[in-house]
>>> print(open('my_file.cif').read())   # mmCIF, C-alpha atoms
data_model
#
loop_
_atom_site.label_atom_id
_atom_site.label_comp_id
_atom_site.auth_asym_id
_atom_site.auth_seq_id
_atom_site.Cartn_x
_atom_site.Cartn_y
_atom_site.Cartn_z
CA MET A 1 27.80 -12.81 -116.77
CA LEU A 2 30.25 -14.02 -114.16
CA ARG A 3 29.78 -12.45 -110.75
CA TYR A 4 32.83 -13.61 -108.84
CA GLU A 5 35.05 -11.22 -106.95
CA ILE A 6 38.38 -10.49 -108.63
CA VAL A 7 41.44 -9.30 -106.73
CA ILE A 8 44.00 -7.44 -108.87
CA TYR A 9 47.45 -6.41 -107.65
CA TRP A 10 50.90 -5.57 -108.99
CA SER A 11 53.54 -8.28 -108.62
CA TYR A 12 57.09 -6.94 -108.49
CA GLU A 13 58.38 -10.49 -108.82
CA ASP A 14 56.46 -11.08 -112.07
CA GLN A 15 56.54 -7.43 -113.21
CA ALA A 16 52.86 -7.79 -114.11
CA PHE A 17 49.39 -7.25 -112.73
CA ILE A 18 47.94 -10.44 -111.24
CA ALA A 19 44.18 -11.06 -111.19
CA GLU A 20 42.91 -13.80 -108.87
CA VAL A 21 39.43 -15.19 -108.28
CA PRO A 22 39.46 -16.38 -104.64
CA GLU A 23 36.23 -18.37 -104.93
CA LEU A 24 37.57 -20.45 -107.84
CA PRO A 25 40.72 -22.21 -106.54
CA GLY A 26 43.70 -21.77 -108.83
CA CYS A 27 41.87 -19.31 -111.08
CA ALA A 28 44.28 -16.50 -111.87
CA ALA A 29 45.77 -14.59 -114.81
CA ASP A 30 48.27 -11.84 -115.40
CA GLY A 31 48.73 -8.91 -117.73
CA LYS A 32 51.07 -6.05 -118.52
CA THR A 33 48.28 -3.62 -117.62
CA TYR A 34 45.44 -3.67 -115.12
CA GLN A 35 42.92 -3.93 -117.96
CA GLU A 36 44.80 -6.77 -119.65
CA ALA A 37 44.90 -8.75 -116.41
CA LEU A 38 41.14 -8.22 -115.98
CA GLU A 39 40.38 -9.30 -119.55
CA ASN A 40 42.61 -12.36 -119.21
CA VAL A 41 41.09 -13.49 -115.94
CA GLU A 42 37.57 -13.20 -117.36
CA ILE A 43 38.59 -15.73 -120.04
CA ILE A 44 40.22 -18.01 -117.46
CA MET A 45 37.11 -17.85 -115.23
CA GLN A 46 34.93 -19.08 -118.09
CA GLU A 47 37.41 -21.86 -118.89
CA TRP A 48 37.58 -22.82 -115.19
CA ILE A 49 33.79 -23.18 -115.05
CA GLU A 50 33.62 -25.10 -118.34
CA THR A 51 36.32 -27.51 -117.18
CA ALA A 52 34.60 -28.05 -113.82
CA GLN A 53 31.34 -28.81 -115.64
CA GLU A 54 33.06 -31.29 -117.98
CA LEU A 55 34.63 -33.05 -114.99
CA GLY A 56 31.34 -33.09 -113.05
CA ARG A 57 32.75 -30.93 -110.26
CA SER A 58 30.68 -28.47 -108.28
CA ILE A 59 30.89 -24.80 -109.14
CA PRO A 60 30.78 -22.41 -106.17
CA GLU A 61 27.98 -19.86 -106.10
CA PRO A 62 29.40 -16.32 -106.22
CA LYS A 63 29.29 -14.72 -102.78
CA GLY A 64 30.34 -11.27 -103.88
CA ARG A 65 32.60 -9.57 -101.39
CA LEU A 66 35.19 -11.65 -99.62
CA LEU A 67 34.32 -12.67 -96.11
CA LEU A 68 36.68 -11.15 -93.59
CA ALA A 69 37.99 -13.95 -91.41
#
>>> encode(input="my_file.cif", output="structure tokens")
Amino acid sequence: MLRYEIVIYWSYEDQAFIAEVPELPGCAADGKTYQEALENVEIIMQEWIETAQELGRSIPEPKGRLLLA
């Protein structure tokens, strides 16, 4: 189970929900519904991790809630 924080918001520009994973740079997906965006980003998260492993890159440990800076 992936335990990374996911941020989901509506994009007027894209006319879609956007789901981003801040701890995995560039990891994002969209969907026509909130649920679709969530399902899509879960797939992309797994692919992000698999690609990082194949390339020998480090995979960040999930921190949970975003740090307020």
>>> atom_distance(input="my_file.cif", atom1="CA of Trp10 in chain A", atom2="CA of Thr51 in chain A")
27.6 Å
>>> resolve_selection(input="my_file.cif", expression="the PyMOL selection byres ((chain A and resi 22) around 9)", output="list in words")
Tyr4, Glu5, Ile6, Val7, Glu20, Val21, Glu23, Leu24, Pro25, Gly26, Cys27, Ala28 and Leu66 of chain A
>>> atom_distance(input="my_file.cif", atom1="CA of Tyr34 in chain A", atom2="CA of Ile8 in chain A")
7.4 Å
>>> closest_residue(input="my_file.cif", among="A:Tyr9, A:Lys63, A:Glu50, A:Ser58", to="Gln35 in chain A", atoms="only C-alpha atoms")
A:Tyr9
>>> atom_distance(input="my_file.cif", atom1="CA of Pro62 in chain A", atom2="CA of Ile18 in chain A")
20.1 Å
>>> residues_near_point(input="my_file.cif", point="(47.6, -14.2, -121.3)", cutoff="7 Å", atoms="only C-alpha atoms", output="count of residues only")
4
>>> axis_aligned_box(input="my_file.cif", around="range 27-43 of chain A", padding_each_side="4 Å", output="JSON")
{"center_x": 44.3, "center_y": -11.5, "center_z": -115.6, "size_x": 21.5, "size_y": 23.7, "size_z": 17.0}
>>> closest_residue(input="my_file.cif", among="A:Ile59, A:Arg65, A:Glu13, A:Thr33", to="Met45 in chain A", atoms="all atoms listed in the file")
A:Ile59
>>> closest_residue(input="my_file.cif", among="A:Lys32, A:Pro60, A:Ala19, A:Ser11", to="Ile44 in chain A", atoms="all atoms listed in the file")
A:Ala19
>>> closest_residue(input="my_file.cif", among="A:Ile49, A:Ile43, A:Leu38, A:Leu55", to="Phe17 in chain A", atoms="all atoms listed in the file")
A:Leu38
>>> closest_residue(input="my_file.cif", among="A:Glu61, A:Tyr12, A:Leu2, A:Gln53", to="Val41 in chain A", atoms="only C-alpha atoms")
A:Leu2
